[in-house]
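*Asks:* File name start-v7.cif; file contents mmCIF, C-alpha atoms and all ligand atoms; full text below.
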```
data_final
loop_
_atom_site.group_PDB
_atom_site.id
_atom_site.type_symbol
_atom_site.label_atom_id
_atom_site.label_comp_id
_atom_site.auth_asym_id
_atom_site.auth_seq_id
_atom_site.Cartn_x
_atom_site.Cartn_y
_atom_site.Cartn_z
ATOM 1 C CA MET A 1 68.582 80.636 29.773
ATOM 2 C CA SER A 2 71.983 79.746 31.211
ATOM 3 C CA GLY A 3 70.460 79.473 34.695
ATOM 4 C CA ALA A 4 67.897 76.907 33.497
ATOM 5 C CA ALA A 5 68.197 73.278 34.524
ATOM 6 C CA LYS A 6 70.068 70.965 32.165
ATOM 7 C CA SER A 7 67.962 69.292 29.511
ATOM 8 C CA LEU A 8 68.083 65.718 28.269
ATOM 9 C CA LEU A 9 66.483 63.880 25.362
ATOM 10 C CA VAL A 10 65.976 60.145 25.878
ATOM 11 C CA THR A 11 65.054 58.292 22.707
ATOM 12 C CA GLY A 12 62.712 55.411 23.471
ATOM 13 C CA GLY A 13 62.062 56.969 26.879
ATOM 14 C CA SER A 14 58.539 55.609 27.136
ATOM 15 C CA ARG A 15 59.380 52.088 28.310
ATOM 16 C CA GLY A 16 62.106 49.825 29.696
ATOM 17 C CA ILE A 17 65.625 51.194 30.115
ATOM 18 C CA GLY A 18 64.744 54.554 28.528
ATOM 19 C CA ALA A 19 61.900 55.113 30.989
ATOM 20 C CA ALA A 20 64.207 54.284 33.916
ATOM 21 C CA VAL A 21 66.793 56.744 32.550
ATOM 22 C CA ALA A 22 64.156 59.481 32.138
ATOM 23 C CA ILE A 23 62.868 59.038 35.695
ATOM 24 C CA LEU A 24 66.324 58.858 37.301
ATOM 25 C CA ALA A 25 67.550 61.845 35.270
ATOM 26 C CA ALA A 26 64.535 63.926 36.310
ATOM 27 C CA SER A 27 65.181 63.083 39.958
ATOM 28 C CA SER A 28 68.770 64.294 39.388
ATOM 29 C CA GLY A 29 67.477 67.658 38.154
ATOM 30 C CA TYR A 30 67.356 67.273 34.366
ATOM 31 C CA ARG A 31 64.425 68.520 32.331
ATOM 32 C CA VAL A 32 63.583 65.503 30.191
ATOM 33 C CA ALA A 33 62.139 65.024 26.703
ATOM 34 C CA VAL A 34 60.622 61.529 26.667
ATOM 35 C CA ASN A 35 60.604 60.169 23.119
ATOM 36 C CA PHE A 36 58.242 57.403 21.999
ATOM 37 C CA VAL A 37 57.243 56.043 18.592
ATOM 38 C CA THR A 38 53.815 54.400 19.043
ATOM 39 C CA ASN A 39 53.099 54.049 22.742
ATOM 40 C CA LYS A 40 51.954 57.545 23.675
ATOM 41 C CA ALA A 41 50.224 56.309 26.817
ATOM 42 C CA ALA A 42 53.482 54.821 28.130
ATOM 43 C CA ALA A 43 55.335 58.089 27.463
ATOM 44 C CA GLU A 44 52.581 60.040 29.227
ATOM 45 C CA THR A 45 52.846 57.718 32.228
ATOM 46 C CA VAL A 46 56.603 58.388 32.490
ATOM 47 C CA VAL A 47 56.046 62.139 32.102
ATOM 48 C CA GLY A 48 53.237 62.025 34.687
ATOM 49 C CA GLU A 49 55.484 60.258 37.180
ATOM 50 C CA ILE A 50 58.219 62.870 36.691
ATOM 51 C CA ILE A 51 55.853 65.799 37.066
ATOM 52 C CA ALA A 52 54.188 64.253 40.136
ATOM 53 C CA ALA A 53 57.645 64.073 41.738
ATOM 54 C CA GLY A 54 58.198 67.799 41.016
ATOM 55 C CA GLY A 55 60.258 67.404 37.849
ATOM 56 C CA GLU A 56 59.851 68.736 34.322
ATOM 57 C CA ALA A 57 59.257 66.550 31.264
ATOM 58 C CA PHE A 58 57.226 66.260 28.092
ATOM 59 C CA PRO A 59 56.472 63.437 25.642
ATOM 60 C CA VAL A 60 57.775 63.773 22.084
ATOM 61 C CA ARG A 61 56.792 61.411 19.278
ATOM 62 C CA GLY A 62 59.362 60.485 16.668
ATOM 63 C CA ASP A 63 60.565 57.403 14.815
ATOM 64 C CA VAL A 64 64.373 57.292 14.995
ATOM 65 C CA GLY A 65 64.189 55.264 11.799
ATOM 66 C CA SER A 66 63.061 58.474 10.040
ATOM 67 C CA ALA A 67 65.447 61.374 9.404
ATOM 68 C CA ARG A 68 62.478 63.732 9.100
ATOM 69 C CA ASP A 69 61.060 62.632 12.471
ATOM 70 C CA ILE A 70 64.457 63.090 14.134
ATOM 71 C CA GLU A 71 64.754 66.637 12.816
ATOM 72 C CA ALA A 72 61.230 67.486 14.020
ATOM 73 C CA MET A 73 61.867 65.892 17.414
ATOM 74 C CA PHE A 74 64.997 67.975 18.080
ATOM 75 C CA GLY A 75 63.080 71.044 16.892
ATOM 76 C CA GLU A 76 60.432 70.369 19.547
ATOM 77 C CA VAL A 77 63.126 70.002 22.213
ATOM 78 C CA ASP A 78 64.597 73.364 21.113
ATOM 79 C CA GLN A 79 61.183 74.983 21.474
ATOM 80 C CA ARG A 80 60.415 73.475 24.871
ATOM 81 C CA PHE A 81 63.826 73.668 26.567
ATOM 82 C CA GLY A 82 65.829 76.205 24.528
ATOM 83 C CA ARG A 83 69.008 74.172 25.016
ATOM 84 C CA LEU A 84 70.258 70.594 24.960
ATOM 85 C CA ASP A 85 72.828 69.292 27.416
ATOM 86 C CA ALA A 86 72.500 65.548 27.094
ATOM 87 C CA LEU A 87 71.285 62.829 24.724
ATOM 88 C CA VAL A 88 70.674 59.175 25.546
ATOM 89 C CA ASN A 89 70.504 57.155 22.337
ATOM 90 C CA ASN A 90 68.385 54.377 23.812
ATOM 91 C CA ALA A 91 65.695 53.516 21.226
ATOM 92 C CA GLY A 92 66.460 50.118 19.752
ATOM 93 C CA ILE A 93 64.746 47.066 18.342
ATOM 94 C CA VAL A 94 65.237 43.337 18.034
ATOM 95 C CA ASP A 95 63.469 41.009 15.614
ATOM 96 C CA LYS A 96 62.251 37.420 15.665
ATOM 97 C CA LYS A 97 64.814 34.692 16.370
ATOM 98 C CA SER A 98 66.387 33.860 13.019
ATOM 99 C CA ARG A 99 69.494 32.472 11.338
ATOM 100 C CA VAL A 100 71.419 34.802 9.030
ATOM 101 C CA ASP A 101 70.537 32.635 6.015
ATOM 102 C CA GLU A 102 66.856 33.287 6.777
ATOM 103 C CA MET A 103 67.090 37.077 7.096
ATOM 104 C CA THR A 104 65.497 39.345 4.496
ATOM 105 C CA ALA A 105 66.834 42.624 3.136
ATOM 106 C CA GLU A 106 63.752 44.347 4.600
ATOM 107 C CA ARG A 107 64.525 43.053 8.082
ATOM 108 C CA LEU A 108 68.159 44.121 7.842
ATOM 109 C CA ASP A 109 67.260 47.543 6.515
ATOM 110 C CA ARG A 110 64.872 48.208 9.409
ATOM 111 C CA MET A 111 67.326 46.887 12.026
ATOM 112 C CA MET A 112 70.248 49.003 10.807
ATOM 113 C CA ARG A 113 68.109 52.078 10.140
ATOM 114 C CA VAL A 114 66.626 52.175 13.652
ATOM 115 C CA ASN A 115 69.599 50.892 15.682
ATOM 116 C CA ILE A 116 72.517 52.464 13.811
ATOM 117 C CA THR A 117 71.382 55.271 11.492
ATOM 118 C CA GLY A 118 68.898 56.549 14.085
ATOM 119 C CA SER A 119 71.566 56.790 16.783
ATOM 120 C CA VAL A 120 74.068 58.451 14.438
ATOM 121 C CA LEU A 121 71.544 61.017 13.177
ATOM 122 C CA CYS A 122 70.386 61.838 16.718
ATOM 123 C CA ALA A 123 74.002 62.258 17.821
ATOM 124 C CA ALA A 124 74.609 64.559 14.846
ATOM 125 C CA GLU A 125 71.653 66.752 15.870
ATOM 126 C CA ALA A 126 73.000 66.814 19.432
ATOM 127 C CA VAL A 127 76.544 67.740 18.336
ATOM 128 C CA ARG A 128 75.182 70.629 16.240
ATOM 129 C CA ARG A 129 73.595 72.009 19.428
ATOM 130 C CA MET A 130 76.230 71.111 22.058
ATOM 131 C CA SER A 131 79.601 71.561 20.356
ATOM 132 C CA VAL A 132 81.505 74.695 21.337
ATOM 133 C CA LYS A 133 82.564 74.720 17.680
ATOM 134 C CA HIS A 134 78.918 75.411 16.832
ATOM 135 C CA GLY A 135 78.448 77.960 19.640
ATOM 136 C CA GLY A 136 77.106 75.424 22.158
ATOM 137 C CA SER A 137 78.126 74.883 25.788
ATOM 138 C CA GLY A 138 79.194 71.250 25.558
ATOM 139 C CA GLY A 139 77.312 68.193 26.725
ATOM 140 C CA ALA A 140 77.247 64.423 27.021
ATOM 141 C CA ILE A 141 75.932 61.571 24.885
ATOM 142 C CA VAL A 142 75.353 58.015 26.046
ATOM 143 C CA ASN A 143 74.607 55.253 23.539
ATOM 144 C CA LEU A 144 72.896 51.974 24.430
ATOM 145 C CA SER A 145 74.857 49.053 23.071
ATOM 146 C CA SER A 146 74.451 45.404 24.162
ATOM 147 C CA VAL A 147 76.713 42.548 25.265
ATOM 148 C CA ALA A 148 75.367 40.928 22.082
ATOM 149 C CA ALA A 149 77.993 43.099 20.340
ATOM 150 C CA ILE A 150 80.618 40.856 21.940
ATOM 151 C CA LEU A 151 78.711 37.557 22.017
ATOM 152 C CA GLY A 152 77.470 37.783 18.404
ATOM 153 C CA GLY A 153 73.879 36.596 18.865
ATOM 154 C CA SER A 154 74.399 33.381 16.869
ATOM 155 C CA GLY A 155 71.207 31.542 15.972
ATOM 156 C CA GLN A 156 69.117 34.351 17.479
ATOM 157 C CA TYR A 157 69.817 37.737 16.002
ATOM 158 C CA VAL A 158 73.266 38.264 14.534
ATOM 159 C CA ASP A 159 71.874 41.358 12.784
ATOM 160 C CA TYR A 160 70.974 42.974 16.108
ATOM 161 C CA ALA A 161 74.372 42.043 17.581
ATOM 162 C CA ALA A 162 76.141 43.543 14.545
ATOM 163 C CA SER A 163 74.101 46.739 14.867
ATOM 164 C CA LYS A 164 75.305 47.039 18.471
ATOM 165 C CA GLY A 165 78.899 46.352 17.400
ATOM 166 C CA ALA A 166 78.492 49.373 15.151
ATOM 167 C CA ILE A 167 77.288 51.384 18.153
ATOM 168 C CA ASP A 168 80.472 50.476 20.066
ATOM 169 C CA THR A 169 82.659 51.630 17.164
ATOM 170 C CA PHE A 170 80.560 54.752 16.664
ATOM 171 C CA THR A 171 80.904 55.615 20.359
ATOM 172 C CA VAL A 172 84.713 55.505 20.234
ATOM 173 C CA GLY A 173 84.923 57.358 16.916
ATOM 174 C CA LEU A 174 82.542 60.161 17.814
ATOM 175 C CA ALA A 175 84.093 60.514 21.283
ATOM 176 C CA ARG A 176 87.501 61.222 19.729
ATOM 177 C CA GLU A 177 86.012 63.463 17.040
ATOM 178 C CA VAL A 178 84.357 65.857 19.507
ATOM 179 C CA ALA A 179 86.685 65.459 22.517
ATOM 180 C CA GLN A 180 87.975 69.021 22.115
ATOM 181 C CA GLU A 181 84.483 70.456 21.616
ATOM 182 C CA GLY A 182 83.135 69.983 25.160
ATOM 183 C CA ILE A 183 81.229 66.787 24.393
ATOM 184 C CA ARG A 184 81.805 63.404 26.021
ATOM 185 C CA VAL A 185 80.447 60.304 24.272
ATOM 186 C CA ASN A 186 80.162 56.960 26.048
ATOM 187 C CA ALA A 187 78.139 53.758 25.885
ATOM 188 C CA VAL A 188 76.539 51.261 28.217
ATOM 189 C CA ARG A 189 76.462 47.603 27.199
ATOM 190 C CA PRO A 190 73.607 45.892 29.083
ATOM 191 C CA GLY A 191 73.264 42.135 29.452
ATOM 192 C CA ILE A 192 69.883 40.512 30.070
ATOM 193 C CA ILE A 193 67.614 43.203 31.439
ATOM 194 C CA ASP A 194 64.013 42.779 32.534
ATOM 195 C CA THR A 195 62.074 44.792 29.918
ATOM 196 C CA GLU A 196 59.464 44.130 27.229
ATOM 197 C CA ILE A 197 62.077 43.952 24.426
ATOM 198 C CA HIS A 198 62.328 40.160 24.752
ATOM 199 C CA ALA A 199 58.588 39.660 24.229
ATOM 200 C CA SER A 200 58.611 42.109 21.325
ATOM 201 C CA GLY A 201 61.215 39.845 19.676
ATOM 202 C CA GLY A 202 58.839 36.885 20.141
ATOM 203 C CA GLU A 203 60.768 35.463 23.131
ATOM 204 C CA PRO A 204 58.701 36.218 26.282
ATOM 205 C CA ASN A 205 60.537 33.460 28.223
ATOM 206 C CA ARG A 206 64.034 34.590 27.202
ATOM 207 C CA ILE A 207 64.983 35.889 30.650
ATOM 208 C CA ALA A 208 64.023 32.626 32.389
ATOM 209 C CA GLN A 209 65.931 30.650 29.750
ATOM 210 C CA LEU A 210 69.140 32.698 29.987
ATOM 211 C CA ARG A 211 69.234 33.593 33.679
ATOM 212 C CA GLY A 212 71.391 30.560 34.473
ATOM 213 C CA SER A 213 74.068 31.656 31.988
ATOM 214 C CA VAL A 214 74.686 34.928 33.835
ATOM 215 C CA PRO A 215 77.559 34.709 36.358
ATOM 216 C CA MET A 216 75.427 36.619 38.874
ATOM 217 C CA MET A 217 72.584 34.158 38.120
ATOM 218 C CA ARG A 218 69.984 36.854 37.633
ATOM 219 C CA GLU A 219 68.708 39.388 35.119
ATOM 220 C CA GLY A 220 69.333 43.087 35.640
ATOM 221 C CA THR A 221 66.783 45.821 36.143
ATOM 222 C CA ALA A 222 66.289 48.852 33.915
ATOM 223 C CA HIS A 223 67.146 50.982 36.943
ATOM 224 C CA GLU A 224 70.549 49.300 37.297
ATOM 225 C CA VAL A 225 71.328 50.255 33.685
ATOM 226 C CA ALA A 226 70.019 53.779 34.242
ATOM 227 C CA GLU A 227 72.436 54.258 37.160
ATOM 228 C CA ALA A 228 75.396 53.673 34.814
ATOM 229 C CA VAL A 229 73.915 55.980 32.175
ATOM 230 C CA LEU A 230 73.395 58.787 34.695
ATOM 231 C CA TRP A 231 76.952 58.444 35.976
ATOM 232 C CA LEU A 232 78.318 58.757 32.435
ATOM 233 C CA LEU A 233 76.157 61.843 31.841
ATOM 234 C CA SER A 234 77.263 63.465 35.090
ATOM 235 C CA ASP A 235 80.256 65.661 35.863
ATOM 236 C CA ALA A 236 81.537 62.794 38.034
ATOM 237 C CA ALA A 237 82.555 61.209 34.703
ATOM 238 C CA SER A 238 84.289 64.385 33.490
ATOM 239 C CA TYR A 239 87.450 62.555 32.285
ATOM 240 C CA THR A 240 85.571 59.596 30.775
ATOM 241 C CA THR A 241 84.932 59.570 27.036
ATOM 242 C CA GLY A 242 84.896 56.791 24.458
ATOM 243 C CA ALA A 243 84.233 54.311 27.270
ATOM 244 C CA ILE A 244 81.866 51.355 27.090
ATOM 245 C CA ILE A 245 80.602 50.077 30.435
ATOM 246 C CA ASP A 246 79.229 46.534 30.706
ATOM 247 C CA VAL A 247 76.166 46.288 32.959
ATOM 248 C CA SER A 248 75.649 42.579 32.532
ATOM 249 C CA GLY A 249 76.101 40.702 35.795
ATOM 250 C CA GLY A 250 79.450 39.459 34.483
ATOM 251 C CA ARG A 251 78.035 37.915 31.299
HETATM 252 P P1 LIG B 301 61.939 48.148 25.160
HETATM 253 O O1 LIG B 301 61.498 47.813 26.560
HETATM 254 O O2 LIG B 301 61.480 47.296 24.031
HETATM 255 O O3 LIG B 301 61.576 49.678 24.879
HETATM 256 C C1 LIG B 301 61.919 50.203 23.634
HETATM 257 C C2 LIG B 301 61.738 51.702 23.655
HETATM 258 O O4 LIG B 301 62.218 52.200 22.405
HETATM 259 C C3 LIG B 301 60.283 52.116 23.745
HETATM 260 O O5 LIG B 301 60.222 53.325 24.465
HETATM 261 C C4 LIG B 301 59.882 52.286 22.284
HETATM 262 O O6 LIG B 301 58.831 53.243 22.098
HETATM 263 C C5 LIG B 301 61.171 52.859 21.721
HETATM 264 N N1 LIG B 301 61.321 52.650 20.282
HETATM 265 C C6 LIG B 301 61.314 51.489 19.599
HETATM 266 N N2 LIG B 301 61.493 51.718 18.272
HETATM 267 C C7 LIG B 301 61.608 53.071 18.137
HETATM 268 C C8 LIG B 301 61.784 53.933 17.045
HETATM 269 N N3 LIG B 301 61.877 53.471 15.786
HETATM 270 N N4 LIG B 301 61.854 55.270 17.277
HETATM 271 C C9 LIG B 301 61.761 55.775 18.537
HETATM 272 N N5 LIG B 301 61.574 54.986 19.621
HETATM 273 C C10 LIG B 301 61.512 53.666 19.422
HETATM 274 O O7 LIG B 301 63.554 48.159 25.078
HETATM 275 P P2 LIG B 301 64.663 48.089 26.230
HETATM 276 O O8 LIG B 301 64.854 46.661 26.611
HETATM 277 O O9 LIG B 301 64.396 49.104 27.276
HETATM 278 O O10 LIG B 301 65.963 48.484 25.387
HETATM 279 C C11 LIG B 301 66.457 49.804 25.327
HETATM 280 C C12 LIG B 301 67.825 49.763 24.670
HETATM 281 O O11 LIG B 301 68.691 48.915 25.407
HETATM 282 C C13 LIG B 301 67.810 49.232 23.243
HETATM 283 O O12 LIG B 301 68.721 49.942 22.453
HETATM 284 C C14 LIG B 301 68.258 47.789 23.419
HETATM 285 O O13 LIG B 301 68.854 47.266 22.252
HETATM 286 C C15 LIG B 301 69.246 47.927 24.554
HETATM 287 N N6 LIG B 301 69.457 46.680 25.291
HETATM 288 C C16 LIG B 301 68.449 46.064 25.969
HETATM 289 C C17 LIG B 301 68.701 44.880 26.630
HETATM 290 C C18 LIG B 301 67.648 44.125 27.406
HETATM 291 O O14 LIG B 301 67.900 42.967 27.817
HETATM 292 N N7 LIG B 301 66.481 44.698 27.642
HETATM 293 C C19 LIG B 301 69.985 44.306 26.601
HETATM 294 C C20 LIG B 301 70.977 44.964 25.890
HETATM 295 C C21 LIG B 301 70.711 46.152 25.245
HETATM 296 P P3 LIG B 301 57.258 52.827 22.179
HETATM 297 O O15 LIG B 301 56.951 52.718 23.660
HETATM 298 O O16 LIG B 301 56.544 53.958 21.511
HETATM 299 O O17 LIG B 301 57.123 51.520 21.464
#
```
Once more with this new file: its structure as structure tokens, please.
Ligand code: NAP
*Replies:*
Amino acid sequence: MSGAAKSLLVTGGSRGIGAAVAILAASSGYRVAVNFVTNKAAAETVVGEIIAAGGEAFPVRGDVGSARDIEAMFGEVDQRFGRLDALVNNAGIVDKKSRVDEMTAERLDRMMRVNITGSVLCAAEAVRRMSVKHGGSGGAIVNLSSVAAILGGSGQYVDYAASKGAIDTFTVGLAREVAQEGIRVNAVRPGIIDTEIHASGGEPNRIAQLRGSVPMMREGTAHEVAEAVLWLLSDAASYTTGAIIDVSGGR
């Protein structure tokens, strides 16, 4: 098994940034597990593209807001690949534009469960497989944060921004915790990226509205974010851990 290609699990790999990461990783030689929660067709499209290009991938359903789903998902990756070398904690959600004094407990619970608890539980599963302390061969984890963690999301989604602030802190803490166990943990903090997440938060025109506030005066592409993720996963970043890279056009 040691001669087998490295394997990667991308949560939320069916669309947007996760799909770009899955495709770029496969072209770099990773075998890729493409996680989705509802959009099986999108995951199959990503997997089909990878296989057509000569790569190896499979779709795996799982809600990162469910501890049981996460356990089952990692079990499937074990069965298919027999090892795990990399995790990209990419699955994340926004919600409708809202002030804090309008937010419900249900909304907050879902936001924190998917964006924070899901990423922490997935990282825990990965550490149990990768850590040399647990008999693993090491590995790399990249978490998807957001520049909202710095900007705060006022009047839009402070809950989402706070969940990403937690991801930044988690990245630094876990990086230091497992630094001597062969695992590097880093994050990418995207700015305004052209994906469907804006429409799913009820703001289909968000990119057009905010483009002018970006120093580079344009939105980014999912591929541009994926390039940073792949660098952090790679051996080229062998001395980089606990780092958070902004991919935001200067925003
Ligand atoms: P997206 O286009 O909305 O895609 C979301 C992906 O996550 C889909 O593959 C979706 O699966 C999956 N997903 C959603 N909820 C899930 C759950 N509970 N369990 C498992 N998978 C789930 O999002 P994106 O824009 O690519 O964003 C990816 C990450 O980057 C997120 O963490 C986001 O917060 C962060 N980010 C994005 C931007 C931006 O401007 N786009 C900026 C900063 C940070 P299905 O296809 O099955 O629905």
*Asks:* Taking only C-alpha atoms and all ligand atoms into account, produce a table as JSON lines in which each residue of chain A with an atom at most 7 Å from an atom of ligand LIG 301 (chain B) appears once, together with its shortest atom pair and the distance in Å to one decimal, ordered by chain and rising number.
*Replies:*
```
{"residue": "A:Thr11", "atom": "CA", "partner": "B:LIG301", "partner_atom": "N5", "distance": 5.7}
{"residue": "A:Gly12", "atom": "CA", "partner": "B:LIG301", "partner_atom": "O5", "distance": 3.4}
{"residue": "A:Gly13", "atom": "CA", "partner": "B:LIG301", "partner_atom": "O5", "distance": 4.7}
{"residue": "A:Ser14", "atom": "CA", "partner": "B:LIG301", "partner_atom": "O5", "distance": 3.9}
{"residue": "A:Arg15", "atom": "CA", "partner": "B:LIG301", "partner_atom": "O5", "distance": 4.1}
{"residue": "A:Gly16", "atom": "CA", "partner": "B:LIG301", "partner_atom": "O9", "distance": 3.4}
{"residue": "A:Ile17", "atom": "CA", "partner": "B:LIG301", "partner_atom": "O9", "distance": 3.7}
{"residue": "A:Gly18", "atom": "CA", "partner": "B:LIG301", "partner_atom": "O9", "distance": 5.6}
{"residue": "A:Ala19", "atom": "CA", "partner": "B:LIG301", "partner_atom": "O5", "distance": 7.0}
{"residue": "A:Asn35", "atom": "CA", "partner": "B:LIG301", "partner_atom": "N5", "distance": 6.3}
{"residue": "A:Phe36", "atom": "CA", "partner": "B:LIG301", "partner_atom": "O16", "distance": 3.9}
{"residue": "A:Val37", "atom": "CA", "partner": "B:LIG301", "partner_atom": "O16", "distance": 3.7}
{"residue": "A:Thr38", "atom": "CA", "partner": "B:LIG301", "partner_atom": "O16", "distance": 3.7}
{"residue": "A:Asn39", "atom": "CA", "partner": "B:LIG301", "partner_atom": "O16", "distance": 3.7}
{"residue": "A:Lys40", "atom": "CA", "partner": "B:LIG301", "partner_atom": "O16", "distance": 6.2}
{"residue": "A:Ala42", "atom": "CA", "partner": "B:LIG301", "partner_atom": "O15", "distance": 6.0}
{"residue": "A:Ala43", "atom": "CA", "partner": "B:LIG301", "partner_atom": "O15", "distance": 6.8}
{"residue": "A:Gly62", "atom": "CA", "partner": "B:LIG301", "partner_atom": "C9", "distance": 5.6}
{"residue": "A:Asp63", "atom": "CA", "partner": "B:LIG301", "partner_atom": "N4", "distance": 3.5}
{"residue": "A:Val64", "atom": "CA", "partner": "B:LIG301", "partner_atom": "N4", "distance": 4.0}
{"residue": "A:Gly65", "atom": "CA", "partner": "B:LIG301", "partner_atom": "N3", "distance": 4.9}
{"residue": "A:Asn90", "atom": "CA", "partner": "B:LIG301", "partner_atom": "O12", "distance": 4.7}
{"residue": "A:Ala91", "atom": "CA", "partner": "B:LIG301", "partner_atom": "O4", "distance": 3.9}
{"residue": "A:Gly92", "atom": "CA", "partner": "B:LIG301", "partner_atom": "O12", "distance": 3.5}
{"residue": "A:Ile93", "atom": "CA", "partner": "B:LIG301", "partner_atom": "O13", "distance": 5.7}
{"residue": "A:Val94", "atom": "CA", "partner": "B:LIG301", "partner_atom": "O13", "distance": 6.8}
{"residue": "A:Val114", "atom": "CA", "partner": "B:LIG301", "partner_atom": "N3", "distance": 5.4}
{"residue": "A:Asn115", "atom": "CA", "partner": "B:LIG301", "partner_atom": "O12", "distance": 6.9}
{"residue": "A:Leu144", "atom": "CA", "partner": "B:LIG301", "partner_atom": "O12", "distance": 5.0}
{"residue": "A:Ser145", "atom": "CA", "partner": "B:LIG301", "partner_atom": "C21", "distance": 5.5}
{"residue": "A:Ser146", "atom": "CA", "partner": "B:LIG301", "partner_atom": "C20", "distance": 3.9}
{"residue": "A:Val147", "atom": "CA", "partner": "B:LIG301", "partner_atom": "C20", "distance": 6.3}
{"residue": "A:Arg189", "atom": "CA", "partner": "B:LIG301", "partner_atom": "C20", "distance": 6.2}
{"residue": "A:Pro190", "atom": "CA", "partner": "B:LIG301", "partner_atom": "C20", "distance": 4.2}
{"residue": "A:Gly191", "atom": "CA", "partner": "B:LIG301", "partner_atom": "C19", "distance": 4.9}
{"residue": "A:Ile192", "atom": "CA", "partner": "B:LIG301", "partner_atom": "O14", "distance": 3.9}
{"residue": "A:Ile193", "atom": "CA", "partner": "B:LIG301", "partner_atom": "O14", "distance": 3.6}
{"residue": "A:Asp194", "atom": "CA", "partner": "B:LIG301", "partner_atom": "N7", "distance": 5.8}
{"residue": "A:Thr195", "atom": "CA", "partner": "B:LIG301", "partner_atom": "O1", "distance": 4.6}
{"residue": "A:Glu196", "atom": "CA", "partner": "B:LIG301", "partner_atom": "O1", "distance": 4.3}
{"residue": "A:Ile197", "atom": "CA", "partner": "B:LIG301", "partner_atom": "O2", "distance": 3.4}
{"residue": "A:His198", "atom": "CA", "partner": "B:LIG301", "partner_atom": "N7", "distance": 6.8}
{"residue": "A:Ser200", "atom": "CA", "partner": "B:LIG301", "partner_atom": "O2", "distance": 6.5}
{"residue": "A:Ala222", "atom": "CA", "partner": "B:LIG301", "partner_atom": "O9", "distance": 6.9}
```
*Asks:* I need the residue nearest A:Ser66 from this list: A:Val214, A:Leu121, A:Ile244, A:Ala126. Use all atoms listed in the file for the distance.
*Replies:*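 Looking at the shortest contact to A:Ser66, the residue is A:Leu121.
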*Asks:* Hey, can you check how far atom CA of A:Val32 sits from atom CA of A:Tyr239?
*Replies:*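 Separation between atom CA of A:Val32 and atom CA of A:Tyr239: 24.1 Å.
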*Asks:* If you count all atoms listed in the file, which residues fall within 10 Å of A:Thr240, apart from same-chain ones fewer than 6 positions away, as a list in words?
*Replies:*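 The contact residues come out as Ala175, Arg184, Val185, Asn186, Leu232 and Leu233 of chain A.
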*Asks:* Let me make sure I understand: among A:Met112, A:Ile183, A:Met216, A:Ala33, which one has the smallest atom-to-atom distance to A:Arg80 if we use only C-alpha atoms?
*Replies:*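 Of A:Met112, A:Ile183, A:Met216, A:Ala33, the one nearest A:Arg80, counting only C-alpha atoms, is A:Ala33.
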*Asks:* Can you tell me how far atom CA of A:Val60 sits from atom CA of A:Val88, in Å to one decimal?
*Replies:*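 Spanning atom CA of A:Val60 to atom CA of A:Val88 is a straight-line distance of 14.1 Å.
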